[in-house]
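Asker: To be precise about what I am sending: the file is called structure35.txt and holds compact mmCIF, C-alpha atoms and all ligand atoms.
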```txt
# COMPACT_ATOMS: atom_id res chain seq x y z
CA MET A 1 47.50 -72.89 -19.32
CA ARG A 2 45.34 -69.99 -18.32
CA PRO A 3 43.07 -68.73 -21.06
CA LYS A 4 44.38 -65.50 -22.58
CA SER A 5 41.38 -63.47 -21.45
CA PHE A 6 42.23 -64.26 -17.80
CA GLN A 7 45.33 -62.06 -17.76
CA PRO A 8 43.92 -58.49 -18.06
CA ARG A 9 41.17 -59.21 -15.53
CA GLN A 10 43.77 -60.42 -13.02
CA GLU A 11 45.84 -57.23 -13.50
CA GLN A 12 42.80 -55.03 -12.91
CA VAL A 13 41.96 -56.77 -9.67
CA ASN A 14 45.57 -56.39 -8.59
CA PHE A 15 45.50 -52.66 -9.30
CA LEU A 16 42.44 -52.25 -7.08
CA GLU A 17 43.97 -54.37 -4.35
CA ALA A 18 47.30 -52.56 -4.58
CA THR A 19 45.40 -49.30 -4.06
CA PHE A 20 43.42 -50.68 -1.11
CA ARG A 21 46.72 -51.63 0.54
CA LYS A 22 47.74 -47.96 0.57
CA ILE A 23 44.67 -47.01 2.61
CA PHE A 24 45.15 -46.78 6.37
CA PRO A 25 42.88 -45.41 9.09
CA GLN A 26 43.16 -41.79 10.19
CA ASP A 27 46.25 -41.14 12.34
CA THR A 28 45.09 -41.27 15.97
CA GLU A 29 48.18 -39.44 17.23
CA TYR A 30 47.48 -36.39 15.07
CA ARG A 31 43.80 -36.56 15.94
CA GLU A 32 44.71 -36.44 19.61
CA LYS A 33 47.23 -33.60 19.16
CA ALA A 34 44.66 -31.55 17.27
CA ARG A 35 41.97 -32.29 19.85
CA ALA A 36 44.32 -31.27 22.68
CA ARG A 37 45.01 -27.90 21.04
CA LEU A 38 41.37 -27.25 20.13
CA GLU A 39 40.36 -27.93 23.74
CA GLN A 40 42.69 -25.16 24.88
CA LEU A 41 41.48 -22.47 22.46
CA THR A 42 40.28 -19.18 23.90
CA MET A 43 36.58 -19.98 23.86
CA PRO A 44 34.12 -22.06 25.85
CA HIS A 45 34.85 -25.75 25.43
CA TRP A 46 34.33 -26.94 21.81
CA ALA A 47 32.28 -23.82 21.06
CA LEU A 48 32.87 -24.07 17.31
CA GLY A 49 31.23 -27.50 17.32
CA ASP A 50 31.29 -29.42 14.04
CA LEU A 51 34.02 -27.15 12.69
CA MET A 52 36.28 -28.45 15.46
CA ASP A 53 35.39 -32.07 14.74
CA LEU A 54 36.20 -31.34 11.10
CA ALA A 55 39.60 -29.93 12.13
CA VAL A 56 40.34 -33.13 14.09
CA ASP A 57 39.44 -35.22 11.04
CA LEU A 58 41.64 -33.09 8.77
CA ALA A 59 44.61 -33.52 11.15
CA GLY A 60 44.01 -37.29 11.27
CA ILE A 61 43.64 -37.52 7.49
CA THR A 62 46.70 -35.44 6.56
CA ARG A 63 48.91 -36.30 9.57
CA SER A 64 49.46 -32.61 10.16
CA LEU A 65 48.52 -29.90 12.65
CA LYS A 66 48.57 -27.50 9.71
CA PRO A 67 46.52 -29.55 7.25
CA PRO A 68 47.21 -28.41 3.69
CA VAL A 69 43.89 -27.37 2.13
CA LYS A 70 44.74 -24.52 -0.25
CA ARG A 71 44.63 -26.41 -3.54
CA LYS A 72 41.02 -27.49 -3.97
CA ARG A 73 39.52 -29.39 -6.88
CA VAL A 74 36.07 -30.67 -7.77
CA VAL A 75 36.11 -33.61 -10.18
CA VAL A 76 32.87 -33.87 -12.13
CA MET A 77 32.28 -37.35 -13.50
CA ALA A 78 29.87 -37.53 -16.44
CA GLY A 79 27.96 -40.52 -17.79
CA ASP A 80 24.70 -41.50 -19.43
CA HIS A 81 22.10 -44.06 -18.45
CA GLY A 82 20.14 -46.57 -20.51
CA VAL A 83 17.42 -46.56 -17.86
CA THR A 84 16.30 -43.11 -19.07
CA ALA A 85 14.30 -45.09 -21.68
CA GLU A 86 11.89 -45.85 -18.80
CA GLY A 87 10.96 -42.19 -18.35
CA VAL A 88 12.71 -41.76 -14.99
CA SER A 89 14.02 -38.22 -15.53
CA ARG A 90 12.30 -34.98 -16.37
CA TYR A 91 15.05 -34.06 -18.85
CA PRO A 92 16.43 -35.81 -21.95
CA SER A 93 19.83 -37.54 -22.01
CA GLU A 94 21.28 -34.95 -24.43
CA VAL A 95 21.46 -32.57 -21.48
CA THR A 96 24.37 -34.58 -20.01
CA ALA A 97 26.77 -33.68 -22.84
CA GLN A 98 25.33 -30.19 -23.21
CA MET A 99 26.10 -29.58 -19.54
CA VAL A 100 29.67 -30.85 -20.06
CA TYR A 101 30.12 -28.00 -22.58
CA ASN A 102 28.56 -25.65 -20.03
CA PHE A 103 31.10 -26.81 -17.39
CA VAL A 104 33.97 -26.27 -19.80
CA ASN A 105 32.67 -22.78 -20.61
CA GLY A 106 32.37 -21.93 -16.92
CA GLY A 107 28.62 -21.33 -16.98
CA ALA A 108 27.19 -24.00 -14.65
CA GLY A 109 26.27 -23.91 -10.98
CA ILE A 110 29.46 -25.79 -10.11
CA ASN A 111 31.61 -23.22 -11.93
CA ALA A 112 30.19 -20.35 -9.90
CA LEU A 113 30.51 -22.14 -6.56
CA ALA A 114 33.98 -23.51 -7.35
CA ARG A 115 35.18 -20.03 -8.38
CA GLN A 116 33.79 -18.65 -5.13
CA ALA A 117 35.63 -21.32 -3.13
CA GLY A 118 38.85 -20.92 -5.14
CA ALA A 119 38.57 -24.49 -6.46
CA GLU A 120 39.43 -25.93 -9.87
CA VAL A 121 36.86 -27.93 -11.81
CA THR A 122 38.01 -31.03 -13.69
CA VAL A 123 35.50 -32.79 -15.93
CA VAL A 124 35.87 -36.48 -16.77
CA ASP A 125 33.89 -38.25 -19.51
CA MET A 126 33.31 -41.62 -17.83
CA GLY A 127 30.65 -42.74 -20.27
CA THR A 128 28.49 -40.13 -21.91
CA ALA A 129 26.51 -41.15 -24.98
CA ALA A 130 28.02 -38.22 -26.92
CA ASP A 131 31.22 -37.77 -28.87
CA LEU A 132 33.24 -35.28 -26.84
CA ASP A 133 36.48 -35.70 -28.80
CA ASP A 134 36.73 -31.97 -29.54
CA LEU A 135 36.89 -31.25 -25.80
CA VAL A 136 39.35 -34.09 -25.22
CA LYS A 137 41.65 -32.91 -28.04
CA ALA A 138 41.52 -29.35 -26.72
CA GLY A 139 42.58 -30.67 -23.30
CA LYS A 140 39.38 -29.38 -21.68
CA ILE A 141 38.19 -32.69 -20.25
CA ILE A 142 39.73 -36.03 -19.28
CA ALA A 143 38.65 -38.96 -21.50
CA ARG A 144 37.89 -42.16 -19.58
CA LYS A 145 34.86 -43.29 -21.53
CA ILE A 146 33.95 -46.86 -20.59
CA GLY A 147 30.95 -46.96 -22.94
CA ASN A 148 28.37 -44.75 -24.65
CA GLY A 149 26.03 -44.79 -21.68
CA THR A 150 25.00 -47.83 -19.63
CA GLN A 151 22.50 -50.51 -20.59
CA ASN A 152 18.96 -50.26 -19.27
CA MET A 153 19.13 -51.80 -15.77
CA ALA A 154 15.38 -52.45 -15.83
CA HIS A 155 16.13 -55.19 -18.39
CA GLY A 156 19.49 -56.54 -17.25
CA PRO A 157 22.85 -55.43 -15.81
CA ALA A 158 23.79 -51.80 -16.43
CA MET A 159 27.32 -52.88 -17.40
CA THR A 160 29.61 -55.91 -17.30
CA ARG A 161 31.64 -56.71 -14.22
CA THR A 162 34.81 -55.90 -16.16
CA HIS A 163 33.46 -52.47 -17.09
CA ALA A 164 32.54 -51.83 -13.46
CA VAL A 165 36.13 -52.62 -12.42
CA MET A 166 37.40 -50.39 -15.25
CA ALA A 167 35.21 -47.49 -14.08
CA VAL A 168 36.50 -47.67 -10.50
CA GLU A 169 40.02 -48.07 -11.76
CA ALA A 170 39.64 -45.02 -14.01
CA GLY A 171 38.49 -42.97 -11.01
CA ILE A 172 41.57 -44.06 -9.05
CA GLU A 173 43.82 -43.14 -11.98
CA VAL A 174 42.22 -39.68 -12.20
CA ALA A 175 42.93 -39.23 -8.47
CA ASN A 176 46.51 -40.41 -9.00
CA GLN A 177 46.95 -37.97 -11.88
CA LEU A 178 45.55 -34.99 -9.96
CA ALA A 179 46.88 -35.76 -6.46
CA PRO A 180 50.25 -33.97 -6.93
CA GLU A 181 48.40 -30.69 -7.53
CA THR A 182 45.44 -31.17 -5.19
CA ASP A 183 45.10 -30.87 -1.41
CA VAL A 184 41.35 -31.37 -1.14
CA PHE A 185 39.19 -33.32 -3.57
CA GLY A 186 35.49 -32.84 -4.14
CA THR A 187 33.26 -35.25 -6.03
CA GLY A 188 30.71 -34.18 -8.63
CA ASP A 189 28.39 -35.88 -11.11
CA MET A 190 26.57 -35.13 -14.33
CA GLY A 191 24.31 -37.74 -15.87
CA ILE A 192 20.66 -37.41 -16.73
CA GLY A 193 18.81 -40.27 -15.04
CA ASN A 194 21.49 -40.94 -12.44
CA THR A 195 19.32 -40.53 -9.37
CA THR A 196 17.67 -43.80 -10.50
CA PRO A 197 20.80 -46.02 -10.24
CA SER A 198 21.77 -44.13 -7.08
CA THR A 199 18.40 -45.08 -5.59
CA ALA A 200 18.91 -48.71 -6.57
CA ILE A 201 22.35 -48.64 -4.95
CA VAL A 202 21.09 -47.31 -1.60
CA ALA A 203 18.16 -49.76 -1.62
CA ALA A 204 20.50 -52.66 -2.43
CA MET A 205 23.10 -51.65 0.15
CA THR A 206 20.73 -50.88 3.04
CA GLY A 207 17.73 -53.09 2.32
CA ALA A 208 15.50 -50.01 2.65
CA PRO A 209 12.16 -50.26 0.84
CA VAL A 210 12.56 -48.63 -2.59
CA ALA A 211 9.60 -46.28 -2.06
CA GLU A 212 11.33 -44.88 1.04
CA VAL A 213 14.53 -43.94 -0.76
CA THR A 214 13.20 -42.76 -4.13
CA GLY A 215 13.03 -39.02 -4.76
CA ARG A 216 11.99 -36.69 -7.52
CA GLY A 217 15.45 -36.05 -9.00
CA THR A 218 15.19 -33.20 -11.48
CA GLY A 219 11.52 -32.71 -10.56
CA LEU A 220 9.23 -35.67 -11.33
CA ASP A 221 5.51 -35.35 -10.65
CA ASP A 222 3.62 -37.87 -8.50
CA ASP A 223 2.87 -40.30 -11.34
CA GLN A 224 6.43 -40.19 -12.64
CA LEU A 225 7.69 -40.82 -9.10
CA GLN A 226 5.57 -43.98 -8.87
CA GLN A 227 6.95 -45.09 -12.23
CA LYS A 228 10.52 -44.48 -11.01
CA ILE A 229 9.86 -46.58 -7.89
CA GLN A 230 8.60 -49.44 -10.06
CA VAL A 231 11.62 -49.20 -12.37
CA VAL A 232 14.05 -49.42 -9.44
CA GLU A 233 12.11 -52.34 -7.96
CA ARG A 234 12.22 -54.14 -11.31
CA ALA A 235 15.95 -53.49 -11.71
CA LEU A 236 16.64 -54.95 -8.26
CA LYS A 237 14.38 -57.95 -8.89
CA ILE A 238 15.92 -58.78 -12.27
CA ASN A 239 19.55 -58.18 -11.31
CA ARG A 240 19.69 -59.28 -7.65
CA PRO A 241 22.81 -57.27 -6.73
CA ASP A 242 24.90 -58.71 -3.89
CA PRO A 243 25.29 -55.92 -1.29
CA SER A 244 28.51 -57.43 0.05
CA ASP A 245 30.14 -57.02 -3.38
CA GLY A 246 30.50 -53.37 -4.43
CA ILE A 247 31.52 -54.31 -7.97
CA ASP A 248 28.45 -56.51 -8.35
CA VAL A 249 26.15 -53.68 -7.22
CA LEU A 250 27.91 -51.16 -9.48
CA SER A 251 27.77 -53.43 -12.52
CA LYS A 252 24.12 -54.40 -12.11
CA VAL A 253 22.44 -51.17 -11.01
CA GLY A 254 25.15 -48.48 -11.17
CA GLY A 255 26.59 -46.07 -13.68
CA PHE A 256 29.97 -45.29 -15.23
CA GLU A 257 30.23 -41.92 -13.47
CA ILE A 258 29.20 -43.51 -10.16
CA GLY A 259 32.06 -46.00 -10.55
CA GLY A 260 34.38 -43.10 -11.37
CA ILE A 261 33.29 -41.30 -8.20
CA ALA A 262 33.90 -44.47 -6.14
CA GLY A 263 37.38 -44.70 -7.66
CA LEU A 264 38.13 -41.03 -7.03
CA ILE A 265 37.25 -41.50 -3.35
CA ILE A 266 39.42 -44.62 -3.10
CA GLY A 267 42.28 -42.82 -4.84
CA ALA A 268 42.00 -39.77 -2.56
CA ALA A 269 42.10 -42.05 0.49
CA ALA A 270 45.20 -43.81 -0.85
CA HIS A 271 46.90 -40.39 -1.09
CA ARG A 272 45.67 -39.41 2.40
CA LYS A 273 43.73 -36.48 0.96
CA PRO A 274 40.34 -35.39 2.27
CA VAL A 275 37.51 -35.93 -0.20
CA LEU A 276 34.31 -33.92 0.07
CA VAL A 277 31.43 -36.07 -1.09
CA ASP A 278 28.61 -34.07 -2.65
CA GLY A 279 24.94 -35.08 -2.98
CA PHE A 280 22.84 -38.15 -3.66
CA ILE A 281 24.75 -39.50 -6.66
CA SER A 282 28.18 -38.84 -5.17
CA THR A 283 27.17 -40.57 -1.96
CA ALA A 284 26.01 -43.58 -3.99
CA GLY A 285 29.59 -43.66 -5.29
CA ALA A 286 30.80 -43.45 -1.69
CA LEU A 287 28.63 -46.47 -0.78
CA ILE A 288 30.32 -48.46 -3.54
CA ALA A 289 33.78 -47.33 -2.38
CA TYR A 290 32.89 -48.17 1.24
CA ALA A 291 31.71 -51.66 0.25
CA LEU A 292 35.02 -52.25 -1.54
CA GLU A 293 37.28 -50.83 1.21
CA PRO A 294 35.64 -49.69 4.47
CA PHE A 295 38.62 -47.57 5.55
CA VAL A 296 37.87 -45.03 2.78
CA ARG A 297 35.31 -43.72 5.26
CA ASP A 298 38.08 -42.13 7.31
CA PHE A 299 38.86 -39.79 4.38
CA ILE A 300 35.30 -38.89 3.40
CA ILE A 301 33.71 -35.63 4.48
CA CYS A 302 30.00 -35.57 3.64
CA ALA A 303 29.39 -32.06 2.35
CA HIS A 304 25.62 -31.71 2.67
CA ARG A 305 22.29 -33.44 2.88
CA SER A 306 20.44 -33.16 -0.40
CA VAL A 307 16.68 -32.80 -0.74
CA GLU A 308 16.68 -36.14 -2.55
CA GLN A 309 14.81 -38.74 -0.54
CA GLY A 310 17.18 -41.49 0.48
CA HIS A 311 20.24 -39.34 1.02
CA ARG A 312 19.74 -39.68 4.78
CA ALA A 313 19.78 -43.49 4.50
CA MET A 314 23.10 -43.25 2.65
CA HIS A 315 24.68 -41.13 5.39
CA GLU A 316 23.33 -43.50 8.02
CA ARG A 317 24.85 -46.43 6.18
CA LEU A 318 28.22 -44.66 6.10
CA GLY A 319 27.81 -43.55 9.72
CA LEU A 320 28.76 -39.99 8.72
CA ARG A 321 26.92 -36.74 9.36
CA PRO A 322 26.81 -34.17 6.55
CA LEU A 323 28.17 -30.69 7.29
CA MET A 324 25.25 -28.72 5.86
CA ASP A 325 21.57 -29.02 5.00
CA LEU A 326 20.67 -26.24 2.57
CA ASN A 327 17.80 -27.80 0.59
CA MET A 328 20.09 -28.23 -2.40
CA ARG A 329 19.38 -30.83 -5.12
CA LEU A 330 21.66 -30.04 -8.02
CA GLY A 331 24.65 -32.36 -7.86
CA GLU A 332 27.62 -31.43 -10.12
CA GLY A 333 29.73 -31.18 -6.95
CA THR A 334 28.05 -27.94 -5.85
CA GLY A 335 27.71 -29.02 -2.21
CA ALA A 336 31.33 -30.20 -2.19
CA ALA A 337 32.54 -26.84 -3.54
CA LEU A 338 30.53 -24.96 -0.94
CA ALA A 339 31.86 -27.15 1.87
CA MET A 340 35.44 -26.39 0.81
CA ASN A 341 34.91 -23.04 2.53
CA LEU A 342 34.19 -24.93 5.75
CA VAL A 343 37.29 -27.08 5.36
CA GLU A 344 39.42 -23.93 5.14
CA ALA A 345 37.53 -22.44 8.06
CA ALA A 346 38.24 -25.52 10.19
CA VAL A 347 41.96 -25.25 9.43
CA ALA A 348 41.90 -21.53 10.27
CA VAL A 349 40.42 -22.39 13.68
CA LEU A 350 43.06 -25.03 14.32
CA THR A 351 46.01 -22.90 13.19
CA GLU A 352 45.06 -19.28 13.99
CA VAL A 353 43.10 -19.21 17.24
CA ALA A 354 45.25 -18.67 20.35
CA THR A 355 45.20 -21.02 23.33
CA PHE A 356 44.39 -19.73 26.84
CA GLU A 357 48.07 -19.95 27.71
CA GLU A 358 49.26 -18.14 24.56
CA ALA A 359 46.76 -15.30 25.04
CA GLY A 360 46.94 -15.09 28.83
CA VAL A 361 43.21 -15.72 29.22
CA THR A 362 41.90 -17.58 32.27
CA GLY A 363 40.79 -20.95 30.98
CA THR A 364 39.37 -22.44 34.17
CA PRO A 365 35.63 -22.06 34.59
CA VAL A 366 34.31 -21.00 38.06
CA GLU A 367 33.38 -23.88 40.33
C1 LIG B 1 20.13 -28.71 -16.77
C2 LIG B 1 20.55 -29.69 -15.70
C3 LIG B 1 21.74 -29.51 -15.02
C4 LIG B 1 22.10 -30.41 -14.02
N1 LIG B 1 23.19 -30.48 -13.24
C5 LIG B 1 23.09 -31.49 -12.45
N2 LIG B 1 21.95 -32.17 -12.67
C6 LIG B 1 21.53 -33.32 -11.88
O1 LIG B 1 20.35 -33.91 -12.42
C7 LIG B 1 20.58 -35.23 -12.90
C8 LIG B 1 19.92 -36.26 -12.05
O2 LIG B 1 18.55 -36.14 -11.97
P1 LIG B 1 17.57 -37.19 -12.73
O3 LIG B 1 17.90 -38.55 -12.19
O4 LIG B 1 16.20 -36.75 -12.37
O5 LIG B 1 17.85 -37.07 -14.19
C9 LIG B 1 22.07 -35.41 -12.87
O6 LIG B 1 22.63 -35.05 -14.10
C10 LIG B 1 22.50 -34.49 -11.78
O7 LIG B 1 23.85 -34.19 -11.81
C11 LIG B 1 21.30 -31.50 -13.67
C12 LIG B 1 20.10 -31.71 -14.35
C13 LIG B 1 19.72 -30.80 -15.38
C14 LIG B 1 18.44 -31.01 -16.10
O1 LIG B 2 21.67 -34.66 -4.46
C1 LIG B 2 22.01 -34.58 -5.65
O2 LIG B 2 23.21 -34.64 -5.95
C2 LIG B 2 20.98 -34.48 -6.73
C3 LIG B 2 19.64 -34.53 -6.45
C4 LIG B 2 18.72 -34.42 -7.47
C5 LIG B 2 19.15 -34.26 -8.76
N1 LIG B 2 20.44 -34.23 -9.02
C6 LIG B 2 21.36 -34.32 -8.05
```
Now, as a test, write the supplied structure out as structure tokens.

Answerer:
Amino acid sequence: MRPKSFQPRQEQVNFLEATFRKIFPQDTEYREKARARLEQLTMPHWALGDLMDLAVDLAGITRSLKPPVKRKRVVVMAGDHGVTAEGVSRYPSEVTAQMVYNFVNGGAGINALARQAGAEVTVVDMGTAADLDDLVKAGKIIARKIGNGTQNMAHGPAMTRTHAVMAVEAGIEVANQLAPETDVFGTGDMGIGNTTPSTAIVAAMTGAPVAEVTGRGTGLDDDQLQQKIQVVERALKINRPDPSDGIDVLSKVGGFEIGGIAGLIIGAAAHRKPVLVDGFISTAGALIAYALEPFVRDFIICAHRSVEQGHRAMHERLGLRPLMDLNMRLGEGTGAALAMNLVEAAVAVLTEVATFEEAGVTGTPVE
């Protein structure tokens, strides 16, 4: 007889695996069709550069030469972090929940940039330390709280393995719930202290020296930066995350919202929807998703390179080049929202620009 506790764990693993089985590579036929058209557009060859590569990706992702991109949504995953007890952020943990109220009231950076891009903002409580029941009851946020903030990873694992699976699973379920009304997903995060687990994740996944991938987050001074480096080093030494096991890394040195972001990316890929990955924290979530199922990479569009040290190492690990570099370091999904404009621009190029033949323009360069 299997012990009773074995059953739920088994079901959770099956849910993840069932989702992974729905993820296929980009469609090479649609990539080729899109490339063929873009090569014939009335302009010097590939003159719109990265925008054209983006259009090829969108065709391959959506299996369409008219990729649907009108309905855009940034999902902001919120969670708190026990490691803030080590003095790794310039702001107190209360700010996480206070910012959730700000998101709901439309007053945050992400609200402005999402409005500008014509995107919806959906906030998910993945594990804040606050009681947000009023917002849940009012239908303003999605409740997927795994715990009231993580444990302090400088002393032991941030969460149990089961909770790490639950966090990823919750992210997939949010994607499943929103997919029928969403063409393009964007990832966002809110969690005071979360650049610290994100740093531990990139160090664990790439083997990069911690000092090389640790940044100032919300604005640490030189001494606080040294302290943050030591905290990440201690967390890695104590927990010894296994880089080949995304759930192990997430449980030991991750966060609930980072697991939710990983799940959202996996869920988007399973629905063949493009997912714009925002800054440092979101890309940490992408590293977890990539470790769990490498083909998610085909559906990820890296929105921008953040100021945060170590973001470059994350993009290198994924083998993806971010669309923009605007010296941003906010998170919340702001870079993803901004890049939604570029996604629509890429589709406009693919669908609206005439070919040489259609426009009667000579397309052969002089010898
Ligand atoms: C008011 C405020 C709004 C924010 N919105 C995003 N973050 C960003 O800063 C936090 C990560 O930086 P650290 O690891 O240094 O705490 C995250 O919440 C991230 O989303 C904010 C931070 C603050 C203070
Ligand atoms: O790149 C980010 O997303 C980021 C960087 C610093 C602080 N908060 C978020």

Asker: Around all of ligand LIG 2 (chain B)'s listed atoms, make the axis-aligned box with 5 Å on each side and tell me centre and edge lengths in Å to one decimal, as lines of an AutoDock Vina configuration file.

Answerer:
```
center_x = 21.0
center_y = -34.4
center_z = -6.7
size_x = 14.5
size_y = 10.4
size_z = 14.6
```

Asker: Output the neighbourhood of ligand LIG 1 (chain B) as an NGL selection string, that is, all protein and nucleic acid residues with some atom at most 6 Å from the ligand, counting all atoms listed in the file.

Answerer: :A and (89-91 or 189-196 or 217-218 or 330-332)

Asker: For Phe24 in chain A, find every residue with an atom within 10 Å (counting all atoms listed in the file), except residues of its own chain fewer than 3 positions away, and show them as a list in words.

Answerer: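 My list of contacting residues is Phe20, Arg21, Asp27, Ile61, Ala269, Ala270, His271, Arg272, Phe295, Val296, Asp298 and Phe299 of chain A.
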
Asker: Given the choices A:Asp133, A:Asp245, A:Glu308, A:Glu29, which gets closest to ligand LIG 2 (chain B) if the distance is worked out from all atoms listed in the file?

Answerer: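 Ranking A:Asp133, A:Asp245, A:Glu308, A:Glu29 by distance to ligand LIG 2 (chain B), first place goes to A:Glu308.
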
Asker: Take CA of Ser251 in chain A and CA of Ala158 in chain A and report the distance between them in Å, one decimal.

Answerer: 5.8 Å

Asker: If we count all atoms listed in the file, what is near Asp80 in chain A at a cut-off of 7 Å, once residues fewer than 5 positions away on the same chain are taken out, given as a list in words?

Answerer: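 The contact residues come out as Ser93, Thr96, Gly127, Thr128, Ala129, Gly149, Thr150, Gly191 and Ile192 of chain A.
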
Asker: Using all atoms listed in the file, find the one residue out of A:Ile258, A:Val307, A:Ala108, A:Ile288 that sits nearest to ligand LIG 2 (chain B).

Answerer: A:Val307

Asker: Which residues come within 10 Å of Glu293 in chain A, counting all atoms listed in the file, excluding same-chain residues fewer than 5 positions away, as an mmCIF file with C-alpha atoms, in the coordinates of the input?

Answerer:
```
data_model
loop_
_atom_site.group_PDB
_atom_site.id
_atom_site.type_symbol
_atom_site.label_atom_id
_atom_site.label_comp_id
_atom_site.auth_asym_id
_atom_site.auth_seq_id
_atom_site.Cartn_x
_atom_site.Cartn_y
_atom_site.Cartn_z
ATOM 1 C CA LEU A 16 42.440 -52.250 -7.080
ATOM 2 C CA GLU A 17 43.970 -54.370 -4.350
ATOM 3 C CA THR A 19 45.400 -49.300 -4.060
ATOM 4 C CA PHE A 20 43.420 -50.680 -1.110
ATOM 5 C CA ARG A 21 46.720 -51.630 0.540
ATOM 6 C CA ILE A 23 44.670 -47.010 2.610
ATOM 7 C CA GLY A 246 30.500 -53.370 -4.430
ATOM 8 C CA ILE A 266 39.420 -44.620 -3.100
ATOM 9 C CA LEU A 287 28.630 -46.470 -0.780
ATOM 10 C CA ILE A 288 30.320 -48.460 -3.540
#
```

Asker: Using atom C6 of ligand LIG 2 (chain B) and CA of Ser306 in chain A as the two end points, give the distance in Å to one decimal.

Answerer: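 Answer for the atom C6 of ligand LIG 2 (chain B) to CA of Ser306 in chain A separation: 7.8 Å.
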
Asker: Would you pick out the contacts of Arg234 in chain A at 12 Å or less, using all atoms listed in the file, so that residues sharing its chain but fewer than 4 positions from it are not included, and give the list as a ChimeraX atom specification?

Answerer: /A:83,86,152-157,196-197,200,210,227-230,238-241,252-253

Asker: List as a Markdown table every residue of range 85-140 of chain A that is in contact with range 169-176 of chain A, defined as an atom at most 12 Å from one of its atoms (using only C-alpha atoms), together with the nearest atom pair and the distance in Å rounded to one decimal, sorted by chain and then rising number.

Answerer:
```
| residue | atom | partner | partner_atom | distance |
| --- | --- | --- | --- | --- |
| A:Thr122 | CA | A:Val174 | CA | 9.7 |
| A:Val123 | CA | A:Val174 | CA | 10.3 |
| A:Val124 | CA | A:Val174 | CA | 8.5 |
| A:Asp125 | CA | A:Ala170 | CA | 10.4 |
| A:Met126 | CA | A:Ala170 | CA | 8.1 |
| A:Gly127 | CA | A:Ala170 | CA | 11.2 |
```

Asker: Using only C-alpha atoms for the distances, tell me which of A:Thr160, A:Asn105, A:Thr62, A:Thr214 is nearest to Val347 in chain A.

Answerer: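 Going through A:Thr160, A:Asn105, A:Thr62, A:Thr214 one by one, the smallest distance to Val347 in chain A is for A:Thr62.
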
Asker: Using only C-alpha atoms, can you tell me which of A:Thr351, A:Thr84, A:Thr364, A:Thr187 comes closest to Val232 in chain A?

Answerer: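 Distance minimum relative to Val232 in chain A lands on A:Thr84.
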
Asker: Go through A:Leu292, A:Ala85, A:Val275, A:Ala164 and flag the residue nearest Gly186 in chain A, using only C-alpha atoms for the distances.

Answerer: A:Val275
